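As stored in final-v7.txt (compact mmCIF, C-alpha atoms):
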```
# COMPACT_ATOMS: atom_id res chain seq x y z
CA MET A 1 -119.87 43.18 93.01
CA LYS A 2 -118.63 39.84 91.80
CA ARG A 3 -116.70 41.65 89.05
CA VAL A 4 -115.01 43.93 91.62
CA VAL A 5 -114.11 41.01 93.84
CA SER A 6 -112.76 39.08 90.93
CA SER A 7 -110.62 42.03 89.73
CA ILE A 8 -109.32 42.55 93.30
CA VAL A 9 -108.52 38.87 93.53
CA GLY A 10 -106.78 39.10 90.16
CA ALA A 11 -104.70 42.12 91.22
CA VAL A 12 -103.71 40.48 94.50
CA ALA A 13 -102.75 37.35 92.67
CA ALA A 14 -100.58 39.30 90.22
CA ALA A 15 -98.90 41.18 93.06
CA ALA A 16 -98.37 37.92 94.90
CA ILE A 17 -96.67 36.48 91.85
CA LEU A 18 -94.34 39.51 91.65
CA VAL A 19 -93.61 39.32 95.38
CA VAL A 20 -93.00 35.61 95.22
CA SER A 21 -90.82 36.08 92.17
CA VAL A 22 -88.48 38.71 93.52
CA GLY A 23 -88.97 38.39 97.28
CA GLN A 24 -90.40 41.86 97.78
CA PRO A 25 -92.94 44.16 96.10
CA VAL A 26 -91.78 45.86 92.92
CA THR A 27 -92.46 49.54 92.34
CA ARG A 28 -93.41 50.88 88.90
CA ALA A 29 -89.98 52.51 88.56
CA GLN A 30 -88.30 49.26 89.45
CA ALA A 31 -90.45 47.43 86.96
CA GLN A 32 -89.52 49.89 84.22
CA GLN A 33 -85.86 49.60 85.10
CA GLY A 34 -86.14 45.85 84.95
CA HIS A 35 -87.79 46.10 81.55
CA THR A 36 -84.96 48.30 80.28
CA MET A 37 -82.34 45.91 81.63
CA ALA A 38 -84.15 42.98 80.05
CA ALA A 39 -84.02 44.79 76.73
CA MET A 40 -80.28 45.36 77.12
CA THR A 41 -79.59 41.79 78.17
CA THR A 42 -79.66 39.97 74.87
CA SER A 43 -77.81 37.06 73.35
CA SER A 44 -77.98 38.74 69.96
CA THR A 45 -74.80 40.77 70.17
CA LYS A 46 -72.18 40.87 67.43
CA ALA A 47 -69.66 39.33 69.80
CA SER A 48 -71.91 36.43 70.74
CA GLY A 49 -72.75 35.98 67.07
CA LEU A 50 -69.06 35.64 66.26
CA ARG A 51 -68.51 33.15 69.06
CA SER A 52 -71.54 31.15 68.04
CA THR A 53 -70.49 31.11 64.40
CA LEU A 54 -66.95 29.95 65.19
CA ASN A 55 -68.18 27.26 67.56
CA THR A 56 -70.65 25.97 64.99
CA LEU A 57 -68.08 25.91 62.21
CA PHE A 58 -65.34 24.26 64.26
CA GLN A 59 -67.64 21.61 65.67
CA GLU A 60 -69.02 20.97 62.20
CA HIS A 61 -65.42 20.46 61.12
CA ILE A 62 -65.12 17.56 63.57
CA TYR A 63 -68.37 15.87 62.66
CA LEU A 64 -67.68 16.09 58.93
CA ALA A 65 -64.06 15.01 59.34
CA ALA A 66 -65.20 12.01 61.38
CA ALA A 67 -67.82 11.18 58.76
CA ALA A 68 -65.15 11.32 56.06
CA THR A 69 -62.59 9.21 57.91
CA GLY A 70 -65.23 6.70 58.99
CA ALA A 71 -66.40 6.30 55.41
CA ALA A 72 -62.83 6.03 54.13
CA LEU A 73 -61.91 3.34 56.65
CA GLY A 74 -65.16 1.52 55.92
CA GLY A 75 -64.47 1.54 52.19
CA ARG A 76 -67.62 3.51 51.43
CA GLU A 77 -66.26 5.60 48.60
CA ALA A 78 -69.36 7.54 47.60
CA GLU A 79 -70.01 8.47 51.21
CA PHE A 80 -66.38 9.49 51.64
CA LYS A 81 -66.52 11.78 48.62
CA ALA A 82 -69.72 13.41 49.83
CA ALA A 83 -68.32 13.88 53.34
CA ALA A 84 -65.05 15.24 51.98
CA ALA A 85 -66.93 17.73 49.81
CA ALA A 86 -68.99 18.88 52.77
CA LEU A 87 -65.84 19.10 54.88
CA ASP A 88 -64.24 21.32 52.27
CA ALA A 89 -67.32 23.52 52.16
CA ASN A 90 -66.89 23.88 55.92
CA SER A 91 -63.23 24.84 55.37
CA VAL A 92 -64.30 27.54 52.95
CA ALA A 93 -66.86 28.82 55.44
CA ILE A 94 -64.22 28.98 58.19
CA SER A 95 -61.87 30.89 55.92
CA LYS A 96 -64.67 33.31 55.07
CA ALA A 97 -65.26 33.88 58.76
CA ILE A 98 -61.56 34.73 59.09
CA GLY A 99 -61.81 36.92 56.00
CA SER A 100 -64.79 38.78 57.42
CA VAL A 101 -62.50 40.03 60.17
CA TYR A 102 -59.05 40.19 58.57
CA GLY A 103 -59.82 40.77 54.89
CA GLN A 104 -59.59 38.90 51.61
CA GLY A 105 -55.82 38.46 51.76
CA ALA A 106 -56.01 36.69 55.11
CA GLU A 107 -58.94 34.60 53.90
CA ASP A 108 -56.95 33.53 50.83
CA ALA A 109 -53.94 32.71 53.01
CA PHE A 110 -55.95 30.88 55.66
CA LEU A 111 -57.82 28.48 53.39
CA PRO A 112 -54.80 26.57 52.01
CA LEU A 113 -53.25 26.53 55.47
CA TRP A 114 -56.40 25.03 56.96
CA ARG A 115 -56.81 22.56 54.09
CA LYS A 116 -53.23 21.47 54.63
CA HIS A 117 -54.02 19.86 57.99
CA ILE A 118 -56.98 18.07 56.49
CA GLY A 119 -54.64 16.57 53.91
CA MET A 120 -52.41 15.39 56.74
CA VAL A 121 -55.39 13.83 58.52
CA VAL A 122 -56.26 12.05 55.28
CA ASP A 123 -52.66 10.79 55.11
CA TYR A 124 -52.94 9.48 58.66
CA THR A 125 -56.24 7.76 57.85
CA VAL A 126 -54.74 6.12 54.78
CA GLY A 127 -51.79 5.01 56.94
CA VAL A 128 -54.17 3.47 59.47
CA GLY A 129 -56.30 1.88 56.78
CA THR A 130 -53.29 0.28 55.12
CA ASN A 131 -51.43 -0.55 58.36
CA ASP A 132 -48.58 1.65 57.17
CA LYS A 133 -46.93 2.73 60.42
CA ALA A 134 -44.36 4.93 58.68
CA LYS A 135 -47.11 6.85 56.91
CA GLN A 136 -48.99 7.25 60.17
CA ASP A 137 -45.89 8.53 61.97
CA LYS A 138 -45.07 10.99 59.20
CA ALA A 139 -48.62 12.30 59.19
CA VAL A 140 -48.56 12.79 62.96
CA ALA A 141 -45.19 14.56 62.75
CA ASP A 142 -46.51 16.77 59.96
CA LEU A 143 -49.60 17.60 62.00
CA ILE A 144 -47.55 18.48 65.07
CA GLY A 145 -45.36 20.72 62.90
CA TYR A 146 -48.47 22.22 61.40
CA THR A 147 -49.68 23.38 64.79
CA GLN A 148 -46.74 25.81 64.86
CA ASP A 149 -47.72 27.23 61.47
CA PHE A 150 -51.31 27.62 62.53
CA GLY A 151 -50.26 29.28 65.77
CA ALA A 152 -48.00 31.65 63.87
CA PHE A 153 -50.77 32.58 61.49
CA LEU A 154 -53.24 33.47 64.22
CA GLN A 155 -50.61 35.28 66.28
CA SER A 156 -49.68 37.33 63.24
CA ALA A 157 -53.32 38.20 62.65
CA ASN A 158 -54.07 38.85 66.30
CA PRO A 159 -51.45 39.61 68.94
CA ASN A 160 -53.93 38.52 71.62
CA LEU A 161 -53.41 34.94 70.47
CA PRO A 162 -49.96 33.71 71.51
CA LYS A 163 -48.50 31.24 69.04
CA SER A 164 -47.61 28.65 71.67
CA VAL A 165 -51.08 28.68 73.20
CA VAL A 166 -52.80 28.31 69.83
CA ALA A 167 -50.36 25.58 68.83
CA ASP A 168 -51.14 23.63 72.00
CA LEU A 169 -54.87 23.94 71.43
CA VAL A 170 -54.56 22.78 67.84
CA LYS A 171 -52.29 19.95 68.97
CA HIS A 172 -55.06 18.77 71.25
CA HIS A 173 -57.45 19.00 68.30
CA VAL A 174 -55.11 16.74 66.35
CA VAL A 175 -54.85 14.27 69.22
CA THR A 176 -58.61 14.09 69.78
CA LEU A 177 -59.26 13.60 66.07
CA LYS A 178 -56.59 10.92 65.94
CA GLU A 179 -58.45 9.07 68.70
CA VAL A 180 -61.60 9.18 66.59
CA ILE A 181 -59.79 7.67 63.61
CA ASP A 182 -58.09 5.00 65.72
CA ALA A 183 -61.43 4.01 67.27
CA GLN A 184 -63.08 3.90 63.84
CA ALA A 185 -60.26 1.70 62.55
CA SER A 186 -60.64 -0.67 65.48
CA LYS A 187 -64.33 -0.99 64.62
CA ASP A 188 -65.45 0.14 68.04
CA PRO A 189 -68.45 2.40 67.37
CA ALA A 190 -69.10 3.23 71.00
CA LYS A 191 -65.52 4.34 71.51
CA ALA A 192 -65.52 6.17 68.18
CA TYR A 193 -68.64 8.19 68.90
CA THR A 194 -67.49 9.01 72.41
CA ALA A 195 -64.25 10.25 70.87
CA VAL A 196 -66.19 12.28 68.31
CA ARG A 197 -68.05 14.04 71.11
CA THR A 198 -64.81 14.71 72.96
CA ALA A 199 -63.15 16.08 69.83
CA ALA A 200 -66.14 18.25 68.99
CA GLY A 201 -66.37 19.51 72.54
CA HIS A 202 -62.72 20.48 72.51
CA MET A 203 -63.26 22.81 69.56
CA GLN A 204 -64.94 25.22 71.93
CA MET A 205 -61.51 25.62 73.51
CA ILE A 206 -60.36 27.05 70.19
CA ALA A 207 -63.49 28.89 69.10
CA ASP A 208 -64.12 30.76 72.36
CA PRO A 209 -60.61 32.25 72.81
CA LEU A 210 -60.47 33.08 69.11
CA ALA A 211 -63.76 34.96 69.32
CA GLU A 212 -62.66 36.65 72.53
CA ALA A 213 -59.34 37.73 71.04
CA ILE A 214 -61.00 39.12 67.92
CA VAL A 215 -63.48 41.12 69.98
CA LYS A 216 -60.63 42.42 72.12
CA GLN A 217 -58.71 43.40 68.98
CA PHE A 218 -61.66 45.18 67.36
CA PRO A 219 -63.83 46.45 70.22
CA ASP A 220 -65.59 49.03 68.06
CA LYS A 221 -66.59 46.43 65.51
CA PHE A 222 -68.25 44.31 68.17
CA SER A 223 -69.54 47.00 70.50
CA SER A 224 -73.23 46.10 70.12
CA MET B 1 -29.01 50.81 59.89
CA GLY B 2 -27.44 51.14 56.46
CA GLU B 3 -28.11 49.07 53.37
CA ARG B 4 -25.03 47.02 53.81
CA GLN B 5 -25.83 46.21 57.44
CA SER B 6 -29.33 45.34 56.48
CA TRP B 7 -28.02 42.97 53.87
CA ARG B 8 -25.59 41.43 56.31
CA SER B 9 -28.23 40.81 58.94
CA ALA B 10 -30.38 39.33 56.26
CA ALA B 11 -27.60 37.07 55.15
CA ALA B 12 -26.94 36.06 58.75
CA GLY B 13 -30.58 35.17 59.21
CA ALA B 14 -30.65 33.00 56.14
CA ARG B 15 -29.61 29.38 56.32
CA SER B 16 -26.16 28.91 54.92
CA GLY B 17 -26.19 27.97 51.30
CA ALA B 18 -29.83 28.83 50.89
CA ALA B 19 -29.19 32.04 49.02
CA VAL B 20 -28.42 31.46 45.38
CA ALA B 21 -27.15 34.26 43.19
CA LEU B 22 -27.28 33.73 39.47
CA GLY B 23 -26.34 37.05 37.96
CA LEU B 24 -29.48 38.82 39.07
CA LEU B 25 -27.91 39.78 42.33
CA VAL B 26 -25.20 42.33 42.60
CA THR B 27 -22.37 41.58 44.96
CA LEU B 28 -22.51 42.66 48.57
CA GLY B 29 -20.24 45.65 47.98
CA GLU B 30 -22.38 47.19 45.30
CA SER B 31 -25.40 49.26 46.01
CA ALA B 32 -28.72 49.32 44.23
CA SER B 33 -30.05 52.64 43.01
CA THR B 34 -33.44 52.29 44.67
CA GLU B 35 -34.94 50.12 47.36
CA GLN B 36 -38.33 48.51 47.72
CA THR B 37 -39.63 46.60 50.73
CA VAL B 38 -41.91 43.58 50.80
CA ILE B 39 -43.13 42.39 54.16
CA ILE B 40 -44.26 38.90 54.98
CA GLN B 41 -47.25 39.04 57.28
CA THR B 42 -50.03 36.59 58.10
CA PHE B 43 -48.61 34.21 55.50
CA GLN B 44 -48.80 36.78 52.73
CA PHE B 45 -46.26 38.75 50.74
CA LYS B 46 -47.29 42.40 50.96
CA PRO B 47 -47.52 43.82 48.40
CA THR B 48 -48.10 40.73 46.32
CA LEU B 49 -47.12 42.55 43.14
CA THR B 50 -44.12 44.87 43.16
CA GLU B 51 -43.13 47.01 40.17
CA VAL B 52 -39.65 48.50 40.27
CA PRO B 53 -37.10 49.99 37.91
CA ALA B 54 -34.04 47.93 37.02
CA GLY B 55 -31.33 48.18 39.62
CA THR B 56 -33.70 48.12 42.56
CA ARG B 57 -32.89 46.26 45.73
CA VAL B 58 -36.01 44.47 46.94
CA SER B 59 -35.86 43.52 50.59
CA PHE B 60 -38.11 41.02 52.32
CA THR B 61 -38.84 41.15 56.04
CA ASN B 62 -40.58 38.34 57.84
CA GLN B 63 -43.10 39.56 60.39
CA ASP B 64 -44.50 36.10 61.11
CA ASP B 65 -43.16 34.02 63.97
CA ILE B 66 -42.41 31.10 61.66
CA THR B 67 -39.93 30.29 58.91
CA HIS B 68 -40.79 31.40 55.40
CA THR B 69 -38.71 31.37 52.26
CA VAL B 70 -38.51 33.75 49.34
CA THR B 71 -37.80 31.45 46.42
CA SER B 72 -37.81 32.50 42.79
CA GLY B 73 -40.12 30.83 40.30
CA THR B 74 -43.27 28.95 41.16
CA PRO B 75 -43.86 25.88 43.35
CA GLU B 76 -44.32 23.88 40.17
CA SER B 77 -41.22 25.33 38.57
CA PRO B 78 -38.60 26.96 40.82
CA ASP B 79 -36.12 28.75 38.57
CA GLY B 80 -33.14 28.90 40.94
CA LYS B 81 -32.54 32.62 40.55
CA PHE B 82 -32.75 33.27 44.27
CA SER B 83 -33.83 31.56 47.44
CA HIS B 84 -33.67 32.98 50.93
CA ARG B 85 -34.80 31.33 54.11
CA LEU B 86 -36.19 33.77 56.67
CA GLU B 87 -36.16 31.98 59.97
CA GLY B 88 -38.67 33.69 62.14
CA LYS B 89 -39.90 37.13 63.02
CA GLY B 90 -37.54 39.93 62.06
CA ALA B 91 -35.44 37.93 59.60
CA SER B 92 -34.84 39.69 56.32
CA ALA B 93 -33.14 39.23 52.98
CA ALA B 94 -32.77 41.20 49.79
CA VAL B 95 -32.33 40.69 46.09
CA ASP B 96 -30.88 43.22 43.69
CA LEU B 97 -32.63 43.07 40.37
CA THR B 98 -30.64 44.58 37.56
CA LYS B 99 -32.36 43.10 34.54
CA PRO B 100 -35.89 43.95 33.37
CA GLY B 101 -38.32 41.07 33.50
CA VAL B 102 -40.97 39.34 35.55
CA TYR B 103 -39.79 37.51 38.66
CA PRO B 104 -42.38 35.32 40.33
CA TYR B 105 -41.51 33.95 43.75
CA PHE B 106 -43.08 31.84 46.47
CA CYS B 107 -42.56 30.32 49.92
CA GLU B 108 -41.29 26.76 49.83
CA ARG B 109 -42.89 25.94 53.18
CA HIS B 110 -46.27 27.44 52.35
CA ARG B 111 -46.68 27.05 48.65
CA SER B 112 -49.83 29.07 48.39
CA MET B 113 -47.77 32.12 49.36
CA ARG B 114 -46.80 33.76 46.09
CA GLY B 115 -45.61 37.11 44.88
CA GLU B 116 -44.24 38.75 41.80
CA ILE B 117 -41.72 41.46 41.04
CA ARG B 118 -41.88 43.24 37.71
CA VAL B 119 -38.67 44.98 36.80
CA LYS B 120 -38.94 47.64 34.09
```
Kindly present the structure from the file in structure tokens form.
Amino acid sequence: MKRVVSSIVGAVAAAAILVVSVGQPVTRAQAQQGHTMAAMTTSSTKASGLRSTLNTLFQEHIYLAAAATGAALGGREAEFKAAAAALDANSVAISKAIGSVYGQGAEDAFLPLWRKHIGMVVDYTVGVGTNDKAKQDKAVADLIGYTQDFGAFLQSANPNLPKSVVADLVKHHVVTLKEVIDAQASKDPAKAYTAVRTAAGHMQMIADPLAEAIVKQFPDKFSS
Amino acid sequence: MGERQSWRSAAAGARSGAAVALGLLVTLGESASTEQTVIIQTFQFKPTLTEVPAGTRVSFTNQDDITHTVTSGTPESPDGKFSHRLEGKGASAAVDLTKPGVYPYFCERHRSMRGEIRVK
């Protein structure tokens, strides 16, 4: 008798939980439907994987770039070399992500283009570190010009990515990274790390539309 | 659009003085016996390697929305045989190659962009 009561109590409790959870009793059919929907609702889609990968790589780019410029401005040569090597490995990984969508030729074309802006950032950092205003100005001008090249590349690869929009996004990337370097040079760690977070956060503004545009361009490739 | 028009539009698209002809190029009035096209797309010359018989006109069309150049030689050693500036999408230029040989070329603005024409 106690066993029956306890199983009734258990069943009532389970039903109560379901009712409380969804506001009204759930039929078996509804429960099965819910199970099916739960199975379909997953974060492990190819499209979300692409977006996640691009976000990770682009944010990593910021953190490693900031590590490299911080070490360079602080005169920590060994640390700079290690950070620069890791930053380049990140560049290679980004180019491979591009290549996975657009092929080896695009990957080979993208890598030197991407590395080019890192060289310009290095030039700016050297200009800041040596108080060479002319070098800083040239590096900034080169970086602004570079945004047009980068925009043209992505537009050529994917017509869903207008050159001017990409260029503006990359320009903002340049500006936010410049703020990191300036804060590092002024030896203001709080400002520098706040700027790092801002710069890293902005990369989502590039990664998300890029992923979205790629999925739109190749819907079959990212259908699951 | 005929060959001559194509050449003229290419010439119009190129910056004045950028095109250098050093005997490899026939004059505007002459026509090449065959024609081969190289497109510039996503910062690549396609095809990267072009094999043609002597006397072929090789035309280059820029499909990127940015300026590229088609400059003979390599970034380390431009040879001055030809150089065309293709300012933006749709710009084109051509070179008429009459002598057998290997003609490497590159983009002055994006030096990793390289191609080669082999004339037999």
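For chain A, the residues no farther than 10 Å from chain B when using all atoms listed in the file are Tyr102, Gly105, Ala106, Asp108, Ala109, Phe110, Leu111, Pro112, Leu113, Lys116, Gln148, Asp149, Phe150, Gly151, Ala152, Phe153, Leu154, Gln155, Ser156, Ala157, Asn158 and Lys163 of chain A.
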Skip Glu108 of chain B itself and residues of its chain fewer than 3 positions away, then list as a PyMOL selection string all residues within 10 Å of it, counting all atoms listed in the file.
-> chain B and resi 67-72+74-75+78+83-85+105+111-114
Give me the residues within 10 Å of segment 65-72 of chain A as a PyMOL selection string, counting all atoms listed in the file and dropping any in the same chain fewer than 4 places off.
-> chain A and resi 59-61+76-88+90+118+121-122+124-126+129+177-178+180-185+187+189+192-193+195-196+199-200
Mind dumping the selected residues with C-alpha atoms as an mmCIF file, in the coordinates of the input?
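Dumped everything to again.cif:
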```cif
data_model
loop_
_atom_site.group_PDB
_atom_site.id
_atom_site.type_symbol
_atom_site.label_atom_id
_atom_site.label_comp_id
_atom_site.auth_asym_id
_atom_site.auth_seq_id
_atom_site.Cartn_x
_atom_site.Cartn_y
_atom_site.Cartn_z
ATOM 1 C CA GLN A 59 -67.640 21.610 65.670
ATOM 2 C CA GLU A 60 -69.020 20.970 62.200
ATOM 3 C CA HIS A 61 -65.420 20.460 61.120
ATOM 4 C CA ARG A 76 -67.620 3.510 51.430
ATOM 5 C CA GLU A 77 -66.260 5.600 48.600
ATOM 6 C CA ALA A 78 -69.360 7.540 47.600
ATOM 7 C CA GLU A 79 -70.010 8.470 51.210
ATOM 8 C CA PHE A 80 -66.380 9.490 51.640
ATOM 9 C CA LYS A 81 -66.520 11.780 48.620
ATOM 10 C CA ALA A 82 -69.720 13.410 49.830
ATOM 11 C CA ALA A 83 -68.320 13.880 53.340
ATOM 12 C CA ALA A 84 -65.050 15.240 51.980
ATOM 13 C CA ALA A 85 -66.930 17.730 49.810
ATOM 14 C CA ALA A 86 -68.990 18.880 52.770
ATOM 15 C CA LEU A 87 -65.840 19.100 54.880
ATOM 16 C CA ASP A 88 -64.240 21.320 52.270
ATOM 17 C CA ASN A 90 -66.890 23.880 55.920
ATOM 18 C CA ILE A 118 -56.980 18.070 56.490
ATOM 19 C CA VAL A 121 -55.390 13.830 58.520
ATOM 20 C CA VAL A 122 -56.260 12.050 55.280
ATOM 21 C CA TYR A 124 -52.940 9.480 58.660
ATOM 22 C CA THR A 125 -56.240 7.760 57.850
ATOM 23 C CA VAL A 126 -54.740 6.120 54.780
ATOM 24 C CA GLY A 129 -56.300 1.880 56.780
ATOM 25 C CA LEU A 177 -59.260 13.600 66.070
ATOM 26 C CA LYS A 178 -56.590 10.920 65.940
ATOM 27 C CA VAL A 180 -61.600 9.180 66.590
ATOM 28 C CA ILE A 181 -59.790 7.670 63.610
ATOM 29 C CA ASP A 182 -58.090 5.000 65.720
ATOM 30 C CA ALA A 183 -61.430 4.010 67.270
ATOM 31 C CA GLN A 184 -63.080 3.900 63.840
ATOM 32 C CA ALA A 185 -60.260 1.700 62.550
ATOM 33 C CA LYS A 187 -64.330 -0.990 64.620
ATOM 34 C CA PRO A 189 -68.450 2.400 67.370
ATOM 35 C CA ALA A 192 -65.520 6.170 68.180
ATOM 36 C CA TYR A 193 -68.640 8.190 68.900
ATOM 37 C CA ALA A 195 -64.250 10.250 70.870
ATOM 38 C CA VAL A 196 -66.190 12.280 68.310
ATOM 39 C CA ALA A 199 -63.150 16.080 69.830
ATOM 40 C CA ALA A 200 -66.140 18.250 68.990
#
```
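One distance worth recording is that between atom CA of His202 of chain A and atom CA of Ile144 of chain A, which is 17.0 Å.
One distance worth recording is that between atom CA of Asp208 of chain A and atom CA of Leu57 of chain A, which is 11.9 Å.
Taking atom CA of Asp168 of chain A and atom CA of Ala97 of chain A as endpoints, the distance between them is 21.9 Å.
Comparing B:Arg57, B:Ile40, B:Leu49, B:Arg118 by their smallest distance to Glu87 of chain B, the closest is B:Ile40 (using all atoms listed in the file).
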Shell around Ala54 of chain B at 6 Å using all atoms listed in the file, local window under 4 positions removed, as a PyMOL selection string | chain B and resi 98-100+119-120
